[in-house]
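*Asks:* What follows is the file run-v4.cif, containing mmCIF, C-alpha atoms (C1' of nucleotides):
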```
data_entry
loop_
_atom_site.label_atom_id
_atom_site.label_comp_id
_atom_site.auth_asym_id
_atom_site.auth_seq_id
_atom_site.Cartn_x
_atom_site.Cartn_y
_atom_site.Cartn_z
CA MET A 1 -14.59 -27.72 -23.56
CA LYS A 2 -13.26 -24.75 -25.40
CA PRO A 3 -12.20 -22.00 -23.03
CA SER A 4 -12.92 -18.53 -24.27
CA LEU A 5 -10.30 -15.89 -23.66
CA PRO A 6 -11.00 -12.50 -25.23
CA GLU A 7 -8.11 -10.21 -25.94
CA THR A 8 -9.18 -7.78 -23.22
CA HIS A 9 -9.01 -10.48 -20.57
CA LEU A 10 -5.68 -11.69 -21.85
CA GLU A 11 -4.30 -8.18 -21.71
CA ALA A 12 -5.50 -7.89 -18.11
CA TRP A 13 -3.70 -11.08 -17.21
CA ARG A 14 -0.49 -9.91 -18.87
CA ARG A 15 -0.55 -6.68 -16.88
CA LEU A 16 -1.21 -8.54 -13.68
CA TYR A 17 1.62 -10.92 -14.42
CA VAL A 18 4.13 -8.15 -15.02
CA SER A 19 2.93 -6.12 -12.04
CA PHE A 20 3.38 -9.07 -9.78
CA TRP A 21 6.94 -9.79 -10.84
CA ARG A 22 7.90 -6.16 -10.83
CA VAL A 23 6.92 -5.72 -7.20
CA CYS A 24 8.22 -9.08 -6.02
CA ASN A 25 11.60 -8.73 -7.66
CA VAL A 26 12.16 -5.32 -6.17
CA ALA A 27 10.98 -6.47 -2.76
CA GLU A 28 13.23 -9.54 -2.83
CA ALA A 29 16.21 -7.48 -3.82
CA GLU A 30 15.57 -4.97 -1.05
CA LEU A 31 15.06 -7.69 1.52
CA GLN A 32 18.34 -9.27 0.61
CA ALA A 33 20.10 -5.91 0.67
CA ALA A 34 18.66 -5.31 4.13
CA GLY A 35 19.83 -8.73 5.31
CA ARG A 36 16.27 -9.92 5.88
CA PRO A 37 14.70 -13.27 4.98
CA SER A 38 12.84 -13.71 1.72
CA LEU A 39 9.15 -13.43 0.93
CA THR A 40 8.79 -17.18 1.31
CA TRP A 41 9.57 -16.84 4.98
CA TYR A 42 7.25 -13.87 5.18
CA ASP A 43 4.36 -15.80 3.71
CA ALA A 44 4.80 -18.67 6.12
CA LEU A 45 5.24 -16.47 9.17
CA TYR A 46 2.32 -14.31 8.15
CA GLU A 47 -0.03 -17.24 7.76
CA LEU A 48 0.97 -18.43 11.21
CA TYR A 49 0.46 -14.94 12.59
CA ARG A 50 -3.06 -14.80 11.18
CA ALA A 51 -3.98 -18.24 12.42
CA PRO A 52 -5.91 -18.73 15.67
CA GLY A 53 -3.41 -19.37 18.45
CA ARG A 54 -0.68 -18.44 15.98
CA ARG A 55 -0.23 -22.01 14.95
CA LEU A 56 -1.12 -24.31 12.11
CA ARG A 57 -0.56 -27.88 11.07
CA MET A 58 1.98 -28.61 8.39
CA ASN A 59 -0.75 -29.46 5.94
CA GLU A 60 -2.64 -26.21 6.38
CA LEU A 61 0.49 -24.15 6.31
CA ALA A 62 1.71 -25.82 3.14
CA ARG A 63 -1.54 -25.03 1.38
CA GLN A 64 -1.67 -21.42 2.52
CA ALA A 65 2.00 -20.71 1.95
CA LEU A 66 1.74 -22.28 -1.50
CA LEU A 67 4.41 -24.88 -0.96
CA SER A 68 4.55 -28.63 -1.35
CA LYS A 69 4.60 -30.85 1.72
CA SER A 70 8.28 -31.60 1.37
CA GLY A 71 9.15 -28.02 0.59
CA LEU A 72 7.42 -26.94 3.75
CA THR A 73 9.21 -29.55 5.85
CA ARG A 74 12.53 -28.05 4.86
CA LEU A 75 11.31 -24.49 5.29
CA VAL A 76 10.03 -25.31 8.77
CA ASP A 77 13.40 -26.91 9.54
CA ARG A 78 15.10 -23.62 8.78
CA LEU A 79 12.56 -21.53 10.65
CA GLU A 80 12.91 -23.78 13.66
CA GLN A 81 16.69 -23.51 13.54
CA GLU A 82 16.31 -19.72 13.70
CA LYS A 83 13.84 -20.13 16.58
CA LEU A 84 11.11 -18.32 14.66
CA ILE A 85 8.70 -21.21 15.10
CA GLU A 86 8.41 -24.30 17.25
CA ARG A 87 7.26 -27.77 16.33
CA ARG A 88 4.77 -29.11 18.87
CA ALA A 89 3.44 -32.63 18.82
CA CYS A 90 -0.34 -32.77 18.75
CA PRO A 91 -1.66 -34.66 21.78
CA GLU A 92 -4.80 -35.83 19.99
CA ASP A 93 -3.17 -37.03 16.80
CA GLY A 94 0.30 -38.48 16.85
CA ARG A 95 0.85 -37.81 13.17
CA VAL A 96 0.27 -34.10 13.38
CA GLN A 97 2.82 -31.38 14.06
CA HIS A 98 1.60 -28.02 15.29
CA ILE A 99 3.80 -25.24 13.99
CA GLU A 100 3.72 -22.36 16.43
CA LEU A 101 5.03 -18.85 15.90
CA THR A 102 7.46 -17.64 18.58
CA GLY A 103 7.93 -14.08 19.83
CA ARG A 104 11.11 -13.95 17.87
CA GLY A 105 9.10 -15.05 14.86
CA VAL A 106 6.68 -12.16 15.26
CA GLU A 107 9.61 -9.79 15.53
CA THR A 108 11.16 -11.10 12.33
CA LEU A 109 7.81 -10.92 10.61
CA ARG A 110 7.63 -7.21 11.41
CA GLU A 111 11.15 -6.63 10.14
CA ILE A 112 10.39 -8.27 6.84
CA TRP A 113 7.12 -6.45 6.56
CA ALA A 114 8.78 -3.05 6.98
CA VAL A 115 10.87 -3.66 3.88
CA TYR A 116 8.18 -5.48 1.91
CA ARG A 117 5.65 -2.79 2.70
CA ALA A 118 7.94 -0.09 1.39
CA GLY A 119 8.38 -2.01 -1.84
CA ILE A 120 4.63 -2.39 -2.33
CA ALA A 121 4.11 1.27 -1.56
CA ARG A 122 6.67 2.50 -4.06
CA GLN A 123 6.30 0.02 -6.90
CA PHE A 124 2.59 -0.53 -6.69
CA ALA A 125 0.49 1.71 -4.49
CA ALA A 126 2.20 4.93 -5.49
CA HIS A 127 0.77 4.63 -8.99
CA LEU A 128 -2.82 4.05 -7.93
CA THR A 129 -5.52 6.38 -6.71
CA GLU A 130 -7.83 5.39 -3.91
CA ALA A 131 -10.50 4.56 -6.48
CA ASP A 132 -8.07 2.47 -8.50
CA ALA A 133 -7.15 0.41 -5.48
CA ARG A 134 -10.79 -0.09 -4.55
CA ASP A 135 -11.70 -1.20 -8.07
CA LEU A 136 -8.74 -3.49 -8.24
CA ALA A 137 -9.58 -5.18 -4.97
CA ARG A 138 -13.22 -5.49 -5.92
CA ILE A 139 -12.51 -7.04 -9.30
CA LEU A 140 -9.78 -9.39 -8.13
CA THR A 141 -11.96 -10.59 -5.31
CA LYS A 142 -14.08 -12.22 -7.96
CA VAL A 143 -11.06 -14.25 -8.94
CA THR A 144 -9.82 -15.15 -5.49
CA ALA A 145 -13.24 -15.90 -4.07
CA ALA A 146 -13.94 -18.52 -6.71
CA LYS A 147 -13.14 -22.12 -6.04
CA PRO A 148 -9.65 -22.97 -7.20
CA ALA A 149 -10.91 -26.13 -8.87
CA GLY A 150 -10.96 -26.71 -12.60
CA MET B 1 11.16 8.78 2.85
CA LYS B 2 8.19 7.22 4.52
CA PRO B 3 6.18 5.14 2.10
CA SER B 4 2.45 5.46 2.56
CA LEU B 5 0.40 2.36 2.07
CA PRO B 6 -3.32 2.74 2.81
CA GLU B 7 -5.31 -0.33 3.68
CA THR B 8 -7.21 -0.21 0.38
CA HIS B 9 -4.01 -0.41 -1.62
CA LEU B 10 -2.67 -3.17 0.54
CA GLU B 11 -5.84 -5.15 0.06
CA ALA B 12 -5.53 -4.69 -3.70
CA TRP B 13 -2.01 -6.05 -3.58
CA ARG B 14 -3.07 -9.06 -1.54
CA ARG B 15 -5.77 -9.94 -4.03
CA LEU B 16 -3.36 -9.56 -6.91
CA TYR B 17 -0.84 -11.76 -5.15
CA VAL B 18 -3.31 -14.54 -4.54
CA SER B 19 -4.81 -14.29 -8.02
CA PHE B 20 -1.40 -14.63 -9.55
CA TRP B 21 -0.47 -17.74 -7.64
CA ARG B 22 -3.84 -19.31 -8.11
CA VAL B 23 -3.63 -19.11 -11.88
CA CYS B 24 0.04 -20.00 -12.11
CA ASN B 25 -0.20 -23.04 -9.87
CA VAL B 26 -3.11 -24.43 -11.80
CA ALA B 27 -1.42 -23.74 -15.11
CA GLU B 28 1.82 -25.36 -14.00
CA ALA B 29 0.00 -28.43 -12.78
CA GLU B 30 -1.90 -28.75 -16.04
CA LEU B 31 1.21 -28.26 -18.12
CA GLN B 32 2.96 -31.00 -16.24
CA ALA B 33 -0.07 -33.29 -16.54
CA ALA B 34 -0.07 -32.65 -20.28
CA GLY B 35 3.63 -33.41 -20.52
CA ARG B 36 4.46 -29.87 -21.63
CA PRO B 37 7.30 -27.62 -20.49
CA SER B 38 6.79 -25.14 -17.68
CA LEU B 39 5.86 -21.47 -17.78
CA THR B 40 9.53 -20.55 -17.53
CA TRP B 41 10.07 -22.03 -20.95
CA TYR B 42 6.94 -20.34 -22.19
CA ASP B 43 8.11 -16.94 -21.06
CA ALA B 44 11.47 -17.33 -22.75
CA LEU B 45 10.04 -18.71 -25.98
CA TYR B 46 7.33 -16.07 -26.04
CA GLU B 47 9.77 -13.20 -25.65
CA LEU B 48 11.80 -14.61 -28.53
CA TYR B 49 8.64 -15.00 -30.59
CA ARG B 50 7.74 -11.35 -30.04
CA ALA B 51 11.20 -10.09 -30.81
CA PRO B 52 12.10 -8.75 -34.26
CA GLY B 53 13.65 -11.58 -36.24
CA ARG B 54 12.60 -13.94 -33.45
CA ARG B 55 15.91 -13.54 -31.74
CA LEU B 56 17.38 -11.73 -28.77
CA ARG B 57 20.69 -11.45 -27.00
CA MET B 58 21.15 -13.28 -23.72
CA ASN B 59 21.07 -10.03 -21.82
CA GLU B 60 17.78 -8.85 -23.25
CA LEU B 61 16.19 -12.24 -22.88
CA ALA B 62 17.30 -12.52 -19.26
CA ARG B 63 15.72 -9.20 -18.43
CA GLN B 64 12.46 -9.91 -20.22
CA ALA B 65 12.15 -13.47 -19.00
CA LEU B 66 12.89 -12.31 -15.46
CA LEU B 67 15.87 -14.56 -14.90
CA SER B 68 19.41 -13.99 -13.78
CA LYS B 69 22.23 -14.20 -16.30
CA SER B 70 23.38 -17.57 -15.04
CA GLY B 71 19.86 -18.87 -14.77
CA LEU B 72 19.26 -17.98 -18.39
CA THR B 73 22.49 -19.62 -19.52
CA ARG B 74 21.28 -22.91 -18.10
CA LEU B 75 17.77 -22.47 -19.47
CA VAL B 76 19.13 -21.73 -22.94
CA ASP B 77 21.30 -24.83 -22.64
CA ARG B 78 18.21 -26.92 -22.15
CA LEU B 79 16.22 -25.17 -24.88
CA GLU B 80 19.09 -25.69 -27.28
CA GLN B 81 19.30 -29.35 -26.40
CA GLU B 82 15.64 -29.69 -27.33
CA LYS B 83 16.33 -27.76 -30.55
CA LEU B 84 13.79 -25.09 -29.63
CA ILE B 85 16.36 -22.32 -30.06
CA GLU B 86 19.76 -21.90 -31.63
CA ARG B 87 22.76 -20.02 -30.36
CA ARG B 88 24.29 -17.86 -33.09
CA ALA B 89 27.49 -15.93 -32.68
CA CYS B 90 27.10 -12.23 -33.43
CA PRO B 91 29.39 -11.19 -36.28
CA GLU B 92 29.67 -7.61 -35.04
CA ASP B 93 30.36 -8.36 -31.39
CA GLY B 94 32.24 -11.48 -30.41
CA ARG B 95 30.90 -11.44 -26.89
CA VAL B 96 27.28 -11.57 -27.89
CA GLN B 97 25.15 -14.66 -28.49
CA HIS B 98 22.00 -14.30 -30.55
CA ILE B 99 19.34 -16.68 -29.33
CA GLU B 100 17.06 -17.57 -32.22
CA LEU B 101 13.75 -19.34 -32.05
CA THR B 102 13.46 -22.39 -34.31
CA GLY B 103 10.38 -23.71 -36.06
CA ARG B 104 10.22 -26.44 -33.50
CA GLY B 105 10.39 -23.73 -30.85
CA VAL B 106 7.36 -21.97 -32.30
CA GLU B 107 5.52 -25.25 -32.35
CA THR B 108 6.30 -25.94 -28.71
CA LEU B 109 5.32 -22.40 -27.82
CA ARG B 110 1.87 -23.02 -29.30
CA GLU B 111 1.51 -26.29 -27.44
CA ILE B 112 2.30 -24.65 -24.13
CA TRP B 113 0.04 -21.75 -24.92
CA ALA B 114 -2.94 -23.99 -25.57
CA VAL B 115 -2.74 -25.34 -22.02
CA TYR B 116 -1.75 -22.06 -20.40
CA ARG B 117 -4.52 -20.21 -22.19
CA ALA B 118 -7.10 -22.66 -20.92
CA GLY B 119 -5.87 -22.13 -17.38
CA ILE B 120 -6.10 -18.37 -17.66
CA ALA B 121 -9.56 -18.64 -19.18
CA ARG B 122 -10.95 -20.85 -16.46
CA GLN B 123 -9.20 -19.55 -13.36
CA PHE B 124 -9.11 -15.90 -14.27
CA ALA B 125 -11.07 -14.66 -17.24
CA ALA B 126 -14.19 -16.69 -16.51
CA HIS B 127 -14.82 -14.61 -13.40
CA LEU B 128 -14.51 -11.23 -15.09
CA THR B 129 -16.88 -9.24 -17.28
CA GLU B 130 -15.60 -7.36 -20.26
CA ALA B 131 -15.71 -4.15 -18.23
CA ASP B 132 -13.81 -5.78 -15.37
CA ALA B 133 -11.04 -6.86 -17.70
CA ARG B 134 -10.84 -3.43 -19.30
CA ASP B 135 -10.63 -1.71 -15.91
CA LEU B 136 -8.07 -4.15 -14.67
CA ALA B 137 -5.84 -3.65 -17.68
CA ARG B 138 -6.22 0.12 -17.50
CA ILE B 139 -5.35 0.32 -13.82
CA LEU B 140 -2.47 -2.13 -13.92
CA THR B 141 -1.00 -0.34 -16.88
CA LYS B 142 -0.27 2.49 -14.49
CA VAL B 143 1.88 0.09 -12.52
CA THR B 144 3.66 -1.59 -15.38
CA ALA B 145 4.24 1.60 -17.34
CA ALA B 146 6.11 3.22 -14.48
CA LYS B 147 9.84 2.92 -14.33
CA PRO B 148 10.85 -0.10 -12.27
CA ALA B 149 13.38 1.99 -10.38
CA GLY B 150 13.12 2.80 -6.72
"C1'" DC C 1 -9.44 -57.22 18.36
"C1'" DG C 2 -6.10 -57.85 13.89
"C1'" DA C 3 -5.74 -56.45 9.08
"C1'" DT C 4 -6.30 -53.30 5.55
"C1'" DG C 5 -6.53 -48.65 3.86
"C1'" DG C 6 -5.70 -43.77 4.33
"C1'" DA C 7 -3.53 -39.51 6.10
"C1'" DA C 8 0.50 -36.57 7.98
"C1'" DG C 9 5.23 -35.63 7.68
"C1'" DT C 10 9.97 -36.75 6.54
"C1'" DT C 11 13.80 -38.19 3.50
"C1'" DG C 12 16.48 -39.42 -1.17
"C1'" DC C 13 17.08 -37.68 -5.30
"C1'" DA C 14 16.94 -34.70 -9.20
"C1'" DC C 15 16.72 -30.31 -10.87
"C1'" DA C 16 16.38 -25.34 -11.35
"C1'" DT C 17 18.19 -21.00 -9.75
"C1'" DG C 18 21.09 -17.15 -7.91
"C1'" DC C 19 25.61 -15.26 -6.50
"C1'" DA C 20 30.36 -14.71 -7.04
"C1'" DA C 21 34.34 -15.65 -9.70
"C1'" DC C 22 35.90 -16.15 -14.17
"C1'" DA C 23 37.16 -15.81 -19.51
"C1'" DA C 24 36.75 -13.42 -23.60
"C1'" DA C 25 35.91 -9.56 -26.25
"C1'" DA C 26 35.02 -4.67 -26.88
"C1'" DA C 27 35.50 0.21 -25.51
"C1'" DT C 28 38.13 3.78 -23.52
"C1'" DC C 29 42.12 6.29 -22.19
"C1'" DT C 30 46.85 7.74 -22.42
"C1'" DA D 1 49.51 0.84 -30.23
"C1'" DG D 2 49.23 -0.85 -25.20
"C1'" DA D 3 46.98 -0.86 -20.72
"C1'" DT D 4 42.83 -0.42 -18.12
"C1'" DT D 5 37.99 -0.70 -17.63
"C1'" DT D 6 33.49 -2.36 -19.03
"C1'" DT D 7 30.47 -5.52 -21.01
"C1'" DT D 8 28.78 -10.22 -22.14
"C1'" DG D 9 28.14 -14.66 -21.22
"C1'" DT D 10 29.69 -19.09 -18.78
"C1'" DT D 11 31.05 -22.05 -14.67
"C1'" DG D 12 31.58 -23.65 -9.33
"C1'" DC D 13 29.10 -23.79 -5.51
"C1'" DA D 14 25.31 -23.40 -2.37
"C1'" DT D 15 20.54 -23.33 -1.79
"C1'" DG D 16 15.67 -24.05 -2.36
"C1'" DT D 17 12.00 -26.91 -4.31
"C1'" DG D 18 9.06 -30.78 -5.97
"C1'" DC D 19 8.09 -35.73 -6.71
"C1'" DA D 20 8.07 -40.27 -5.22
"C1'" DA D 21 9.02 -43.58 -1.74
"C1'" DC D 22 8.91 -44.31 3.01
"C1'" DT D 23 7.51 -44.30 8.17
"C1'" DT D 24 4.32 -43.60 11.56
"C1'" DC D 25 0.05 -43.16 13.23
"C1'" DC D 26 -5.05 -43.10 12.82
"C1'" DA D 27 -9.54 -44.94 10.89
"C1'" DT D 28 -12.33 -48.51 9.09
"C1'" DC D 29 -13.98 -52.98 8.38
"C1'" DG D 30 -14.07 -57.87 8.86
#
```
Would you mind writing the structure in this file as structure tokens?
*Replies:*
Amino acid sequence: MKPSLPETHLEAWRRLYVSFWRVCNVAEAELQAAGRPSLTWYDALYELYRAPGRRLRMNELARQALLSKSGLTRLVDRLEQEKLIERRACPEDGRVQHIELTGRGVETLREIWAVYRAGIARQFAAHLTEADARDLARILTKVTAAKPAG
Amino acid sequence: MKPSLPETHLEAWRRLYVSFWRVCNVAEAELQAAGRPSLTWYDALYELYRAPGRRLRMNELARQALLSKSGLTRLVDRLEQEKLIERRACPEDGRVQHIELTGRGVETLREIWAVYRAGIARQFAAHLTEADARDLARILTKVTAAKPAG
DNA sequence: CGATGGAAGTTGCACATGCAACAAAAATCT
DNA sequence: AGATTTTTGTTGCATGTGCAACTTCCATCG
């Protein structure tokens, strides 16, 4: 199977790639300067925040936070140490750990978000009109909505 | 300064974020399955390939490959070990190292690109019309063209 | 039931990366 | 010229991450 990749599409990917790193690097730098945790913690806390009951199993969280199983184990170790989450044994399945966001976790999530949000606003949103943003979201939804398979 | 970040813009960022990781994760997995180096190597080799004379100084390469100075030192160590680049002392400035892409480096670059390209085509480009890609590139250029400052 | 197979998380290890401290060389200043 | 400052790249250390092997528990099948 020969994948077709016209120059226009390639150029779009390049721009997306650079945009992503531009925003993330700035945000990471600002988070560190502000003494806040990194975007990795944000992603994990945010996924928990969105989840029903503010908790997820390790497996689900790993997939949504884009980490490997082992990577997540260590991340959860750190989050637990900071009392941002709690590990709860699942009564129905002895293998499963429920990771539950604490109040302190929500608080930290908001602190990170304040900084992250500012970075997105300045490095990204400030350059886009309302129409731009709408188009962008519409087009990229086609990518994200598709099955991740190959 | 209060940064404004309307919901539309935020949604656009979220889609971009997920799109990026989707493509990169798949590409990384496929590169590893194919026994090829990672995207980090690709980025470095590609920047060298684009550069006039196919060489750059450590500083420039670090900035373009989005790595820290020390990170790049180690990366260049590995690339040199594989004979994909060569370190050349700069005759005009004793502090500077010119990093020069070798023929073998170009070859490896093409090998990585074949796999990477397929990933982009399937996970990204396949979902976009020509007009989508054009719009995407046009809009994101506004982001990438802006000064990275804050 | 007991045995086999599979799934969920955790650990050992290797490796890649960033920060801070450093060495060497150039630029600047007096 | 000599001293100070700046720039460029490299190293020590700490940290974060993935893969593979392992443990524990559940599911399935005889």
*Asks:* Could you give me, as CSV, a per-residue list for chain C showing, wherever an atom lies at most 12 Å from an atom of chain A, the closest pair of atoms and their distance in Å to one decimal, using all atoms listed in the file and sorting by chain then residue number from low to high?
*Replies:*
```
residue,atom,partner,partner_atom,distance
C:DA7,C1',A:Arg95,CA,8.5
C:DA8,C1',A:Arg95,CA,5.3
C:DG9,C1',A:Arg95,CA,7.4
C:DT10,C1',A:Thr73,CA,7.3
C:DT11,C1',A:Ser70,CA,8.9
C:DG12,C1',A:Ser70,CA,11.6
C:DG18,C1',A:Ala29,CA,11.6
C:DC19,C1',A:Gln32,CA,11.8
```
*Asks:* With only C-alpha atoms (C1' of nucleotides) considered, list every residue of chain D at most 8 Å from chain A, as a PyMOL selection string.
*Replies:* chain D and resi 17-18+24-26
*Asks:* Identify all chain B residues at most 8 Å from chain A by counting only C-alpha atoms; ligands do not count. Present them as a compact mmCIF listing (two decimals) with C-alpha atoms, in the coordinates of the input.
*Replies:*
```
# COMPACT_ATOMS: atom_id res chain seq x y z
CA LYS B 2 8.19 7.22 4.52
CA PRO B 3 6.18 5.14 2.10
CA SER B 4 2.45 5.46 2.56
CA LEU B 5 0.40 2.36 2.07
CA THR B 8 -7.21 -0.21 0.38
CA HIS B 9 -4.01 -0.41 -1.62
CA LEU B 10 -2.67 -3.17 0.54
CA GLU B 11 -5.84 -5.15 0.06
CA ALA B 12 -5.53 -4.69 -3.70
CA TRP B 13 -2.01 -6.05 -3.58
CA ARG B 15 -5.77 -9.94 -4.03
CA LEU B 16 -3.36 -9.56 -6.91
CA TYR B 17 -0.84 -11.76 -5.15
CA VAL B 18 -3.31 -14.54 -4.54
CA SER B 19 -4.81 -14.29 -8.02
CA PHE B 20 -1.40 -14.63 -9.55
CA TRP B 21 -0.47 -17.74 -7.64
CA ARG B 22 -3.84 -19.31 -8.11
CA LEU B 66 12.89 -12.31 -15.46
CA ARG B 117 -4.52 -20.21 -22.19
CA ALA B 118 -7.10 -22.66 -20.92
CA ILE B 120 -6.10 -18.37 -17.66
CA ALA B 121 -9.56 -18.64 -19.18
CA ARG B 122 -10.95 -20.85 -16.46
CA GLN B 123 -9.20 -19.55 -13.36
CA PHE B 124 -9.11 -15.90 -14.27
CA ALA B 125 -11.07 -14.66 -17.24
CA HIS B 127 -14.82 -14.61 -13.40
CA LEU B 128 -14.51 -11.23 -15.09
CA GLU B 130 -15.60 -7.36 -20.26
CA ASP B 132 -13.81 -5.78 -15.37
CA ALA B 133 -11.04 -6.86 -17.70
CA ARG B 134 -10.84 -3.43 -19.30
CA ASP B 135 -10.63 -1.71 -15.91
CA LEU B 136 -8.07 -4.15 -14.67
CA ALA B 137 -5.84 -3.65 -17.68
CA ILE B 139 -5.35 0.32 -13.82
CA LEU B 140 -2.47 -2.13 -13.92
CA THR B 141 -1.00 -0.34 -16.88
CA LYS B 142 -0.27 2.49 -14.49
CA VAL B 143 1.88 0.09 -12.52
CA THR B 144 3.66 -1.59 -15.38
CA ALA B 146 6.11 3.22 -14.48
CA PRO B 148 10.85 -0.10 -12.27
CA GLY B 150 13.12 2.80 -6.72
```
*Asks:* Just the number, please: distance in Å from atom C1' of C:DA23 to atom CA of B:Glu60, one decimal.
*Replies:*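 Here the two named atoms are 20.9 Å from each other.
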*Asks:* Show which residues sit within 12 Å of B:Thr102, as an MDAnalysis selection string. Count all atoms listed in the file, and ignore same-chain residues fewer than 5 positions away.
*Replies:* chainID B and resid 45 48:49 53:55 79:80 82:88 107:109
*Asks:* Do you have the atom CA of B:Asp43-atom CA of B:Gly103 distance handy?
*Replies:*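 Atom CA of B:Asp43 sits 16.6 Å away from atom CA of B:Gly103.
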*Asks:* Tell me which protein, DNA and RNA residues are within 12 Å of C:DC29, counting all atoms listed in the file, leaving out same-chain ones fewer than 2 positions away, and put them as a VMD selection string.
*Replies:* (chain C and resid 27) or (chain D and resid 2 to 5)
*Asks:* May I have the residues from that selection written out with C-alpha atoms (C1' of nucleotides), as a compact mmCIF listing (two decimals), in the frame of the given file?
*Replies:*
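Once everything was written out, this is out11.txt:
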```
# COMPACT_ATOMS: atom_id res chain seq x y z
C1' DA C 27 35.50 0.21 -25.51
C1' DG D 2 49.23 -0.85 -25.20
C1' DA D 3 46.98 -0.86 -20.72
C1' DT D 4 42.83 -0.42 -18.12
C1' DT D 5 37.99 -0.70 -17.63
```
*Asks:* Could you put an axis-aligned box around every listed atom of stretch 13-30 of chain D, padded by 4 Å on each side, and send me its centre and edge lengths in Å to one decimal, as JSON?
*Replies:*
```
{"center_x": 7.5, "center_y": -40.6, "center_z": 3.3, "size_x": 51.2, "size_y": 42.5, "size_z": 27.9}
```
*Asks:* For atom C1' of C:DA14 and atom C1' of D:DA20, quote the distance in Å rounded to one decimal.
*Replies:* 11.2 Å
